[in-house]
$ cat input.cif   # mmCIF, C-alpha atoms and all ligand atoms
data_protein
loop_
_atom_site.label_atom_id
_atom_site.label_comp_id
_atom_site.auth_asym_id
_atom_site.auth_seq_id
_atom_site.Cartn_x
_atom_site.Cartn_y
_atom_site.Cartn_z
CA MET A 190 -67.55 16.90 27.45
CA GLN A 191 -65.68 19.95 26.11
CA ILE A 192 -63.22 18.90 23.43
CA ALA A 193 -60.84 21.03 21.38
CA VAL A 194 -59.40 19.75 18.13
CA LEU A 195 -56.14 21.16 16.79
CA GLY A 196 -56.39 20.63 13.06
CA THR A 197 -58.33 22.03 10.14
CA GLY A 198 -57.43 19.21 7.74
CA LEU A 199 -59.50 16.14 6.94
CA ALA A 200 -58.70 14.38 10.24
CA GLY A 201 -59.42 17.37 12.48
CA ARG A 202 -62.65 18.38 10.85
CA THR A 203 -63.93 14.79 10.59
CA LEU A 204 -63.27 14.15 14.29
CA ALA A 205 -64.74 17.52 15.30
CA ALA A 206 -67.99 16.94 13.39
CA ALA A 207 -68.39 13.36 14.67
CA LEU A 208 -67.73 14.26 18.31
CA GLN A 209 -70.13 17.20 18.10
CA ALA A 210 -72.75 14.88 16.58
CA ALA A 211 -72.13 12.47 19.47
CA GLY A 212 -73.18 15.21 21.92
CA HIS A 213 -69.87 16.82 22.88
CA HIS A 214 -69.09 20.54 22.75
CA VAL A 215 -66.32 20.99 20.24
CA VAL A 216 -64.08 23.78 18.97
CA VAL A 217 -61.41 23.63 16.28
CA GLY A 218 -58.09 25.38 16.85
CA THR A 219 -56.04 26.85 14.03
CA ARG A 220 -53.04 29.20 13.79
CA ASP A 221 -55.03 32.01 12.17
CA PRO A 222 -58.82 31.59 12.36
CA GLN A 223 -59.47 34.43 9.92
CA ALA A 224 -57.09 33.03 7.30
CA SER A 225 -58.43 29.47 7.74
CA LEU A 226 -62.04 30.62 7.42
CA ALA A 227 -61.12 32.56 4.27
CA ARG A 228 -60.03 29.32 2.56
CA THR A 229 -63.00 28.31 0.45
CA GLU A 230 -61.26 26.58 -2.47
CA PRO A 231 -60.29 22.86 -2.38
CA ASP A 232 -56.61 22.19 -1.54
CA SER A 233 -54.13 20.23 -3.69
CA ARG A 234 -55.58 16.93 -2.37
CA GLY A 235 -59.13 17.99 -3.29
CA THR A 236 -60.19 18.58 0.33
CA PRO A 237 -62.82 21.37 0.34
CA GLY A 238 -61.71 24.71 1.79
CA PHE A 239 -61.95 24.94 5.58
CA GLY A 240 -64.22 28.01 5.31
CA GLN A 241 -66.78 25.96 3.43
CA TRP A 242 -66.68 23.20 6.05
CA ALA A 243 -66.98 25.71 8.91
CA GLY A 244 -70.00 27.29 7.21
CA GLU A 245 -71.64 23.86 7.15
CA HIS A 246 -70.87 23.34 10.88
CA PRO A 247 -71.96 26.61 12.52
CA ASP A 248 -72.13 25.02 16.01
CA ILE A 249 -68.41 24.23 16.02
CA GLY A 250 -66.37 27.25 17.08
CA VAL A 251 -63.15 28.14 15.28
CA VAL A 252 -60.54 29.52 17.66
CA THR A 253 -56.80 30.08 17.89
CA GLN A 254 -54.59 27.18 18.95
CA ALA A 255 -53.95 29.05 22.22
CA GLU A 256 -57.68 29.34 22.92
CA ALA A 257 -58.17 25.67 22.04
CA GLY A 258 -55.59 24.61 24.61
CA GLY A 259 -57.63 25.83 27.54
CA TYR A 260 -61.05 24.87 26.21
CA GLY A 261 -61.69 21.43 27.59
CA GLU A 262 -60.71 18.24 29.32
CA VAL A 263 -59.58 16.69 26.07
CA LEU A 264 -57.36 18.21 23.40
CA ILE A 265 -56.98 16.33 20.14
CA ASN A 266 -53.85 16.85 18.07
CA ALA A 267 -54.76 16.41 14.42
CA THR A 268 -52.03 18.56 12.95
CA SER A 269 -49.34 17.53 10.49
CA GLY A 270 -46.30 15.72 11.86
CA GLU A 271 -44.07 18.73 11.22
CA GLY A 272 -46.56 21.09 12.89
CA THR A 273 -47.36 18.89 15.89
CA LEU A 274 -44.92 20.20 18.52
CA ALA A 275 -45.50 23.83 17.51
CA ALA A 276 -49.29 23.43 17.51
CA VAL A 277 -49.46 21.80 20.95
CA GLY A 278 -46.88 24.30 22.21
CA ALA A 279 -49.07 27.18 21.05
CA ALA A 280 -52.09 25.50 22.67
CA ALA A 281 -50.19 25.13 25.98
CA PRO A 282 -52.76 22.74 27.50
CA PRO A 283 -53.06 22.95 31.30
CA PRO A 284 -51.70 20.12 33.48
CA GLY A 285 -53.86 17.00 33.46
CA THR A 286 -55.34 17.60 30.01
CA VAL A 287 -55.88 14.40 28.05
CA LEU A 288 -54.04 14.88 24.76
CA LEU A 289 -55.33 12.45 22.13
CA ASP A 290 -52.63 12.43 19.47
CA VAL A 291 -53.67 11.14 16.04
CA SER A 292 -50.68 12.58 14.15
CA ASN A 293 -48.22 10.75 11.92
CA ALA A 294 -44.63 11.76 11.19
CA LEU A 295 -45.09 11.86 7.43
CA ASP A 296 -42.57 13.89 5.45
CA PHE A 297 -43.83 14.59 1.92
CA SER A 298 -40.93 16.91 1.03
CA ALA A 299 -39.50 14.40 -1.47
CA GLY A 300 -42.93 13.50 -2.88
CA PHE A 301 -45.05 10.38 -2.57
CA PRO A 302 -44.77 8.00 -0.83
CA PRO A 303 -43.69 10.05 2.18
CA VAL A 304 -40.92 8.99 4.56
CA LEU A 305 -41.07 9.05 8.34
CA SER A 306 -39.44 12.09 9.95
CA VAL A 307 -39.30 10.35 13.36
CA ALA A 308 -38.84 6.58 13.77
CA ASN A 309 -37.18 3.60 15.46
CA THR A 310 -36.02 5.21 18.69
CA ASP A 311 -38.67 7.91 19.04
CA SER A 312 -42.14 8.99 17.95
CA LEU A 313 -44.32 12.07 17.86
CA GLY A 314 -46.33 10.66 20.76
CA GLU A 315 -43.20 10.34 22.90
CA GLN A 316 -41.92 13.77 21.83
CA LEU A 317 -45.23 15.29 22.94
CA GLN A 318 -45.15 13.50 26.29
CA ARG A 319 -41.55 14.65 26.88
CA ALA A 320 -42.27 18.24 25.83
CA PHE A 321 -45.46 18.46 27.93
CA PRO A 322 -44.86 16.18 30.92
CA ASP A 323 -47.95 17.38 32.83
CA VAL A 324 -50.27 16.50 29.95
CA ARG A 325 -51.56 12.94 29.56
CA VAL A 326 -50.76 11.87 25.99
CA VAL A 327 -52.71 9.00 24.45
CA LYS A 328 -51.78 7.87 20.96
CA SER A 329 -54.69 6.47 19.01
CA LEU A 330 -56.58 6.56 15.69
CA ASN A 331 -53.42 7.32 13.66
CA THR A 332 -53.59 3.87 12.02
CA VAL A 333 -56.85 4.45 10.15
CA ASN A 334 -58.18 6.92 7.61
CA ALA A 335 -60.38 9.75 8.90
CA ALA A 336 -63.54 8.13 7.54
CA VAL A 337 -62.80 4.94 9.48
CA MET A 338 -61.89 6.89 12.66
CA VAL A 339 -65.46 8.10 13.02
CA ASP A 340 -67.36 5.26 11.35
CA PRO A 341 -65.57 1.97 12.02
CA ALA A 342 -68.62 0.03 10.85
CA THR A 343 -67.82 1.20 7.33
CA VAL A 344 -65.22 -1.61 7.43
CA PRO A 345 -67.20 -4.83 7.89
CA GLY A 346 -66.39 -7.37 10.57
CA GLU A 347 -64.19 -7.16 13.61
CA HIS A 348 -61.08 -4.97 13.38
CA HIS A 349 -58.85 -3.15 15.82
CA ILE A 350 -57.73 0.27 17.00
CA PHE A 351 -54.79 0.88 19.33
CA VAL A 352 -54.23 3.06 22.37
CA ALA A 353 -50.85 3.82 23.94
CA GLY A 354 -50.01 6.11 26.84
CA GLU A 355 -48.69 6.31 30.37
CA ASP A 356 -51.92 7.22 32.19
CA ALA A 357 -54.61 4.54 32.61
CA ASP A 358 -57.35 7.07 33.37
CA ALA A 359 -56.51 9.07 30.23
CA LYS A 360 -56.64 5.87 28.17
CA ALA A 361 -60.06 5.14 29.72
CA VAL A 362 -61.27 8.62 28.68
CA VAL A 363 -60.04 8.03 25.14
CA THR A 364 -61.58 4.55 25.05
CA ARG A 365 -64.95 6.10 25.99
CA LEU A 366 -64.56 8.65 23.18
CA LEU A 367 -63.70 5.81 20.81
CA GLY A 368 -66.95 4.19 21.94
CA ASP A 369 -68.83 7.40 21.10
CA LEU A 370 -67.33 7.15 17.60
CA GLY A 371 -68.56 3.58 17.21
CA TRP A 372 -65.55 1.51 18.33
CA PRO A 373 -66.70 -1.33 20.60
CA ALA A 374 -64.54 -1.77 23.71
CA THR A 375 -63.48 -5.19 22.37
CA SER A 376 -61.92 -3.51 19.33
CA VAL A 377 -59.59 -1.33 21.41
CA LEU A 378 -56.14 -2.90 21.96
CA ASP A 379 -54.03 -1.29 24.70
CA LEU A 380 -50.37 -1.43 23.64
CA GLY A 381 -49.07 -0.13 26.97
CA GLY A 382 -46.96 2.98 27.47
CA ILE A 383 -46.41 5.87 25.07
CA ARG A 384 -43.29 4.15 23.71
CA SER A 385 -45.70 2.01 21.64
CA ALA A 386 -46.56 5.16 19.69
CA ARG A 387 -43.40 4.47 17.68
CA ALA A 388 -44.87 1.12 16.65
CA THR A 389 -48.18 2.52 15.45
CA GLU A 390 -46.47 5.47 13.73
CA MET A 391 -44.05 3.08 11.97
CA TYR A 392 -47.09 1.15 10.67
CA LEU A 393 -47.65 4.00 8.21
CA PRO A 394 -45.41 2.69 5.40
CA LEU A 395 -47.38 -0.58 5.53
CA TRP A 396 -50.66 1.37 5.71
CA LEU A 397 -49.65 3.22 2.52
CA ALA A 398 -48.75 -0.04 0.76
CA LEU A 399 -52.04 -1.60 1.88
CA MET A 400 -53.93 1.41 0.54
CA GLY A 401 -52.24 0.83 -2.81
CA ALA A 402 -53.09 -2.87 -2.75
CA ALA A 403 -56.68 -2.31 -1.59
CA GLY A 404 -57.19 0.60 -3.96
CA SER A 405 -58.88 2.51 -1.14
CA PRO A 406 -57.99 4.19 2.18
CA VAL A 407 -61.09 2.65 3.77
CA PHE A 408 -59.73 -0.52 5.39
CA ASN A 409 -58.35 -1.68 8.70
CA ILE A 410 -56.51 -4.60 10.26
CA ARG A 411 -57.68 -7.32 12.61
CA VAL A 412 -55.35 -8.94 15.11
CA VAL A 413 -56.03 -12.66 15.28
CA THR A 414 -54.86 -14.82 18.14
CA PRO A 415 -55.35 -18.58 18.66
N1 LIG A 501 -56.28 12.52 6.98
C1 LIG A 501 -56.41 11.31 7.54
O1 LIG A 501 -57.26 10.50 7.12
C2 LIG A 501 -55.52 10.93 8.70
C3 LIG A 501 -55.61 9.64 9.24
C4 LIG A 501 -54.80 9.28 10.33
C5 LIG A 501 -53.91 10.21 10.84
N2 LIG A 501 -53.82 11.45 10.26
C6 LIG A 501 -52.87 12.41 10.81
O2 LIG A 501 -53.59 13.51 11.31
C7 LIG A 501 -52.84 14.71 11.12
C8 LIG A 501 -53.69 15.70 10.31
O3 LIG A 501 -53.86 15.18 9.01
P1 LIG A 501 -54.80 15.92 7.94
O4 LIG A 501 -54.76 15.09 6.73
O5 LIG A 501 -56.10 16.23 8.57
O6 LIG A 501 -54.12 17.35 7.69
P2 LIG A 501 -52.64 17.88 7.51
O7 LIG A 501 -52.61 18.64 6.25
O8 LIG A 501 -51.63 16.80 7.71
O9 LIG A 501 -52.52 18.91 8.75
C9 LIG A 501 -53.25 20.10 8.74
C10 LIG A 501 -53.11 20.78 10.07
O10 LIG A 501 -51.73 20.92 10.45
C11 LIG A 501 -51.53 22.23 10.96
N3 LIG A 501 -50.15 22.64 10.75
C12 LIG A 501 -49.39 22.44 9.63
N4 LIG A 501 -48.16 22.99 9.80
C13 LIG A 501 -48.16 23.55 11.04
C14 LIG A 501 -47.19 24.28 11.80
N5 LIG A 501 -45.98 24.52 11.31
N6 LIG A 501 -47.53 24.69 13.04
C15 LIG A 501 -48.75 24.43 13.55
N7 LIG A 501 -49.73 23.76 12.89
C16 LIG A 501 -49.43 23.33 11.65
C17 LIG A 501 -52.48 23.09 10.17
O11 LIG A 501 -52.75 24.24 10.93
P3 LIG A 501 -53.71 25.42 10.43
O12 LIG A 501 -55.09 25.01 10.79
O13 LIG A 501 -53.23 26.59 11.21
O14 LIG A 501 -53.49 25.57 8.95
C18 LIG A 501 -53.69 22.19 10.02
O15 LIG A 501 -54.58 22.36 11.09
C19 LIG A 501 -51.54 14.31 10.41
O16 LIG A 501 -50.51 14.16 11.35
C20 LIG A 501 -51.92 12.99 9.77
O17 LIG A 501 -50.80 12.13 9.54
C21 LIG A 501 -54.60 11.82 9.22
#
$ encode --input "input.cif" --output "structure tokens" --more "lines below"
Ligand SMILES: NC(=O)c1ccc[n+]([C@@H]2O[C@H](COP(=O)([O-])OP(=O)(O)OC[C@H]3O[C@@H](n4cnc5c(N)ncnc54)[C@H](OP(=O)(O)O)[C@@H]3O)[C@@H](O)[C@H]2O)c1
Amino acid sequence: MQIAVLGTGLAGRTLAAALQAAGHHVVVGTRDPQASLARTEPDSRGTPGFGQWAGEHPDIGVVTQAEAGGYGEVLINATSGEGTLAAVGAAAPPPGTVLLDVSNALDFSAGFPPVLSVANTDSLGEQLQRAFPDVRVVKSLNTVNAAVMVDPATVPGEHHIFVAGEDADAKAVVTRLLGDLGWPATSVLDLGGIRSARATEMYLPLWLALMGAAGSPVFNIRVVTP
């Protein structure tokens, strides 16, 4: 499958490399490919420069967000919450595209911990679906760290990942991609329509508290029923 990933941060590059390794053809979209490739120094969070990562992944093309939009059947949004609508707008995916949205509405402007810039009555997933009604938005993977997204077995035992979206076929496509990343079908919980994106996005304050308690971002939750 041809998959374009919007996002040069940890989430975007981790997903791109894992999906390419799983046999898909992947490109990464960025606002300015030349400027992104020129970044070779680690950022403030210690993430290595994108240019270094791209050099280590020569089979993954680096394109503009606009070029990424028309690349494949699946477009993954792994851009910051504040950049999400602009990035997908620049990509302008054609009607029918499956848009896997892994973003979170984290606002770090007042420091750490961040606050949510969208909550309660709305979510980034819903904003995307409203802004691009012909695209099939599926919210998933935003509730785990990038390392867990692509290697769920790194967390032992059974644990869960959520999907939310209006289109059953699009959720099936995403569920297959989750399978390619190592998520068994039994670990995928369908929360219904895209409105549930607000629930998984509002999990982030708890995720941050759990990271503090666990002392690591590598964890997940299991939903237990009688
Ligand atoms: N990191 C994780 O483990 C993780 C886990 C779950 C969910 N997420 C979510 O995934 C998303 C990406 O996270 P991240 O940590 O990989 O990186 P990030 O620093 O949150 O986002 C980097 C990406 O956002 C794009 N961007 C920033 N401002 C923009 C703007 N105004 N217009 C268009 N694009 C803009 C950048 O584009 P350029 O390439 O052009 O610079 C870059 O590709 C976030 O929403 C995050 O909450 C991350």
$ residues_near_ligand --input "input.cif" --ligand "ligand LIG 501 (chain A)" --cutoff "6 Å" --atoms "all atoms listed in the file" --output "PyMOL selection string"
chain A and resi 196-201+219-221+267-270+272+275-276+291-293+331-335
$ residues_around --input "input.cif" --residues "A:Pro345" --least-positions-apart "4" --cutoff "10 Å" --atoms "only C-alpha atoms" --output "list in words"
Pro341, Phe408 and Asn409 of chain A
$ atom_distance --input "input.cif" --atom1 "atom CA of A:Asp358" --atom2 "atom CA of A:Ala210"
24.1 Å
$ residues_near_point --input "input.cif" --point "(-62.0, 8.9, 29.9)" --cutoff "12 Å" --atoms "all atoms listed in the file" --output "PyMOL selection string"
chain A and resi 190+192+262-263+286-289+325+327+356-369
$ write_last_selection --input "input.cif" --atoms "C-alpha atoms" --output "CSV table (one decimal), in the frame of the given file"
chain,number,residue,atom,x,y,z
A,190,MET,CA,-67.6,16.9,27.4
A,192,ILE,CA,-63.2,18.9,23.4
A,262,GLU,CA,-60.7,18.2,29.3
A,263,VAL,CA,-59.6,16.7,26.1
A,286,THR,CA,-55.3,17.6,30.0
A,287,VAL,CA,-55.9,14.4,28.0
A,288,LEU,CA,-54.0,14.9,24.8
A,289,LEU,CA,-55.3,12.4,22.1
A,325,ARG,CA,-51.6,12.9,29.6
A,327,VAL,CA,-52.7,9.0,24.4
A,356,ASP,CA,-51.9,7.2,32.2
A,357,ALA,CA,-54.6,4.5,32.6
A,358,ASP,CA,-57.4,7.1,33.4
A,359,ALA,CA,-56.5,9.1,30.2
A,360,LYS,CA,-56.6,5.9,28.2
A,361,ALA,CA,-60.1,5.1,29.7
A,362,VAL,CA,-61.3,8.6,28.7
A,363,VAL,CA,-60.0,8.0,25.1
A,364,THR,CA,-61.6,4.6,25.0
A,365,ARG,CA,-65.0,6.1,26.0
A,366,LEU,CA,-64.6,8.6,23.2
A,367,LEU,CA,-63.7,5.8,20.8
A,368,GLY,CA,-67.0,4.2,21.9
A,369,ASP,CA,-68.8,7.4,21.1
$ atom_distance --input "input.cif" --atom1 "atom CA of A:Pro284" --atom2 "atom CA of A:Gly250"
23.1 Å
$ residues_around --input "input.cif" --residues "A:Gly371" --least-positions-apart "6" --cutoff "8 Å" --atoms "all atoms listed in the file" --output "PyMOL selection string"
chain A and resi 339-342
$ write_last_selection --input "input.cif" --atoms "C-alpha atoms" --output "PDB file, in the frame of the given file"
ATOM      1  CA  VAL A 339     -65.460   8.100  13.020  1.00  0.00           C
ATOM      2  CA  ASP A 340     -67.360   5.260  11.350  1.00  0.00           C
ATOM      3  CA  PRO A 341     -65.570   1.970  12.020  1.00  0.00           C
ATOM      4  CA  ALA A 342     -68.620   0.030  10.850  1.00  0.00           C
TER       5      ALA A 342
END
$ residues_near_point --input "input.cif" --point "(-56.6, -9.2, 15.7)" --cutoff "7 Å" --atoms "all atoms listed in the file" --output "JSON, numbers by chain"
{"A": [348, 349, 411, 412, 413, 414]}
$ residues_around --input "input.cif" --residues "stretch 401-404 of chain A" --least-positions-apart "6" --cutoff "12 Å" --atoms "all atoms listed in the file" --output "list in words"
Phe301, Pro302, Pro394 and Leu395 of chain A
$ atom_distance --input "input.cif" --atom1 "atom CA of A:Ala243" --atom2 "atom CA of A:Asp296"
27.3 Å
$ residues_around --input "input.cif" --residues "A:Gly278" --least-positions-apart "4" --cutoff "9 Å" --atoms "only C-alpha atoms" --output "compact mmCIF listing (two decimals) with C-alpha atoms, in the frame of the given file"
# COMPACT_ATOMS: atom_id res chain seq x y z
CA GLN A 254 -54.59 27.18 18.95
CA ALA A 255 -53.95 29.05 22.22
CA THR A 273 -47.36 18.89 15.89
CA LEU A 274 -44.92 20.20 18.52
CA PRO A 282 -52.76 22.74 27.50
CA ALA A 320 -42.27 18.24 25.83
CA PHE A 321 -45.46 18.46 27.93
$ closest_residue --input "input.cif" --among "A:Leu204, A:Ala388, A:Ala281, A:Leu226" --to "A:Tyr260" --atoms "only C-alpha atoms"
A:Ala281
$ closest_residue --input "input.cif" --among "A:Val307, A:Leu317, A:Val352, A:Ile249" --to "A:Arg387" --atoms "only C-alpha atoms"
A:Val307
$ closest_residue --input "input.cif" --among "A:Asn266, A:Thr343, A:Thr389, A:Ser306" --to "A:Gly218" --atoms "only C-alpha atoms"
A:Asn266
$ closest_residue --input "input.cif" --among "A:Arg202, A:Ile265, A:Gln318, A:Asp248" --to "A:Thr236" --atoms "only C-alpha atoms"
A:Arg202
$ closest_residue --input "input.cif" --among "A:Ile383, A:Val337, A:Ile350, A:Leu393" --to "A:Arg319" --atoms "all atoms listed in the file"
A:Ile383
$ decode --input "input.cif" --residues "stretch 397-408 of chain A" --atoms "all heavy atoms" --output "CSV table (one decimal), in the first residue's frame"
chain,number,residue,atom,x,y,z
A,397,LEU,N,-0.2,11.6,30.8
A,397,LEU,CA,1.0,12.3,31.3
A,397,LEU,C,1.2,11.9,32.7
A,397,LEU,O,2.4,11.8,33.2
A,397,LEU,CB,0.8,13.8,31.1
A,397,LEU,CG,0.9,14.2,29.6
A,397,LEU,CD1,0.3,15.6,29.4
A,397,LEU,CD2,2.4,14.3,29.1
A,398,ALA,N,0.1,11.9,33.5
A,398,ALA,CA,0.3,11.5,34.9
A,398,ALA,C,0.8,10.1,35.1
A,398,ALA,O,1.6,9.8,36.0
A,398,ALA,CB,-1.1,11.7,35.6
A,399,LEU,N,0.3,9.2,34.2
A,399,LEU,CA,0.7,7.8,34.3
A,399,LEU,C,2.2,7.7,33.9
A,399,LEU,O,3.0,6.9,34.5
A,399,LEU,CB,-0.1,6.9,33.3
A,399,LEU,CG,-1.6,6.7,33.8
A,399,LEU,CD1,-2.4,6.0,32.6
A,399,LEU,CD2,-1.6,5.8,35.0
A,400,MET,N,2.6,8.5,32.9
A,400,MET,CA,4.1,8.5,32.6
A,400,MET,C,4.9,8.9,33.8
A,400,MET,O,5.9,8.3,34.1
A,400,MET,CB,4.3,9.4,31.4
A,400,MET,CG,5.8,9.4,31.0
A,400,MET,SD,6.2,10.5,29.6
A,400,MET,CE,6.0,12.1,30.4
A,401,GLY,N,4.4,9.9,34.5
A,401,GLY,CA,5.2,10.3,35.7
A,401,GLY,C,5.2,9.2,36.7
A,401,GLY,O,6.2,8.9,37.3
A,402,ALA,N,4.1,8.5,36.9
A,402,ALA,CA,4.0,7.5,37.9
A,402,ALA,C,4.8,6.3,37.5
A,402,ALA,O,5.5,5.6,38.4
A,402,ALA,CB,2.5,7.1,38.2
A,403,ALA,N,4.8,5.9,36.2
A,403,ALA,CA,5.5,4.8,35.7
A,403,ALA,C,7.0,5.1,35.6
A,403,ALA,O,7.8,4.1,35.5
A,403,ALA,CB,4.9,4.3,34.4
A,404,GLY,N,7.3,6.3,35.4
A,404,GLY,CA,8.7,6.7,35.2
A,404,GLY,C,9.2,6.4,33.8
A,404,GLY,O,10.4,6.3,33.5
A,405,SER,N,8.2,6.2,32.9
A,405,SER,CA,8.6,5.8,31.5
A,405,SER,C,7.3,6.1,30.6
A,405,SER,O,6.2,5.9,31.1
A,405,SER,CB,8.9,4.3,31.5
A,405,SER,OG,8.9,3.8,30.1
A,406,PRO,N,7.6,6.4,29.3
A,406,PRO,CA,6.5,6.6,28.4
A,406,PRO,C,6.0,5.2,27.8
A,406,PRO,O,5.1,5.2,27.0
A,406,PRO,CB,7.0,7.5,27.3
A,406,PRO,CG,8.5,7.2,27.3
A,406,PRO,CD,8.9,6.8,28.7
A,407,VAL,N,6.8,4.2,28.1
A,407,VAL,CA,6.5,2.9,27.5
A,407,VAL,C,5.5,2.1,28.4
A,407,VAL,O,6.0,1.4,29.3
A,407,VAL,CB,7.8,2.1,27.2
A,407,VAL,CG1,7.5,0.8,26.6
A,407,VAL,CG2,8.7,2.9,26.2
A,408,PHE,N,4.2,2.3,28.2
A,408,PHE,CA,3.2,1.6,28.9
A,408,PHE,C,1.9,1.7,28.1
A,408,PHE,O,1.8,2.4,27.2
A,408,PHE,CB,3.0,2.3,30.3
A,408,PHE,CG,2.5,3.6,30.3
A,408,PHE,CD1,1.1,3.9,30.3
A,408,PHE,CD2,3.3,4.7,30.2
A,408,PHE,CE1,0.6,5.2,30.2
A,408,PHE,CE2,2.8,6.0,30.2
A,408,PHE,CZ,1.5,6.3,30.1
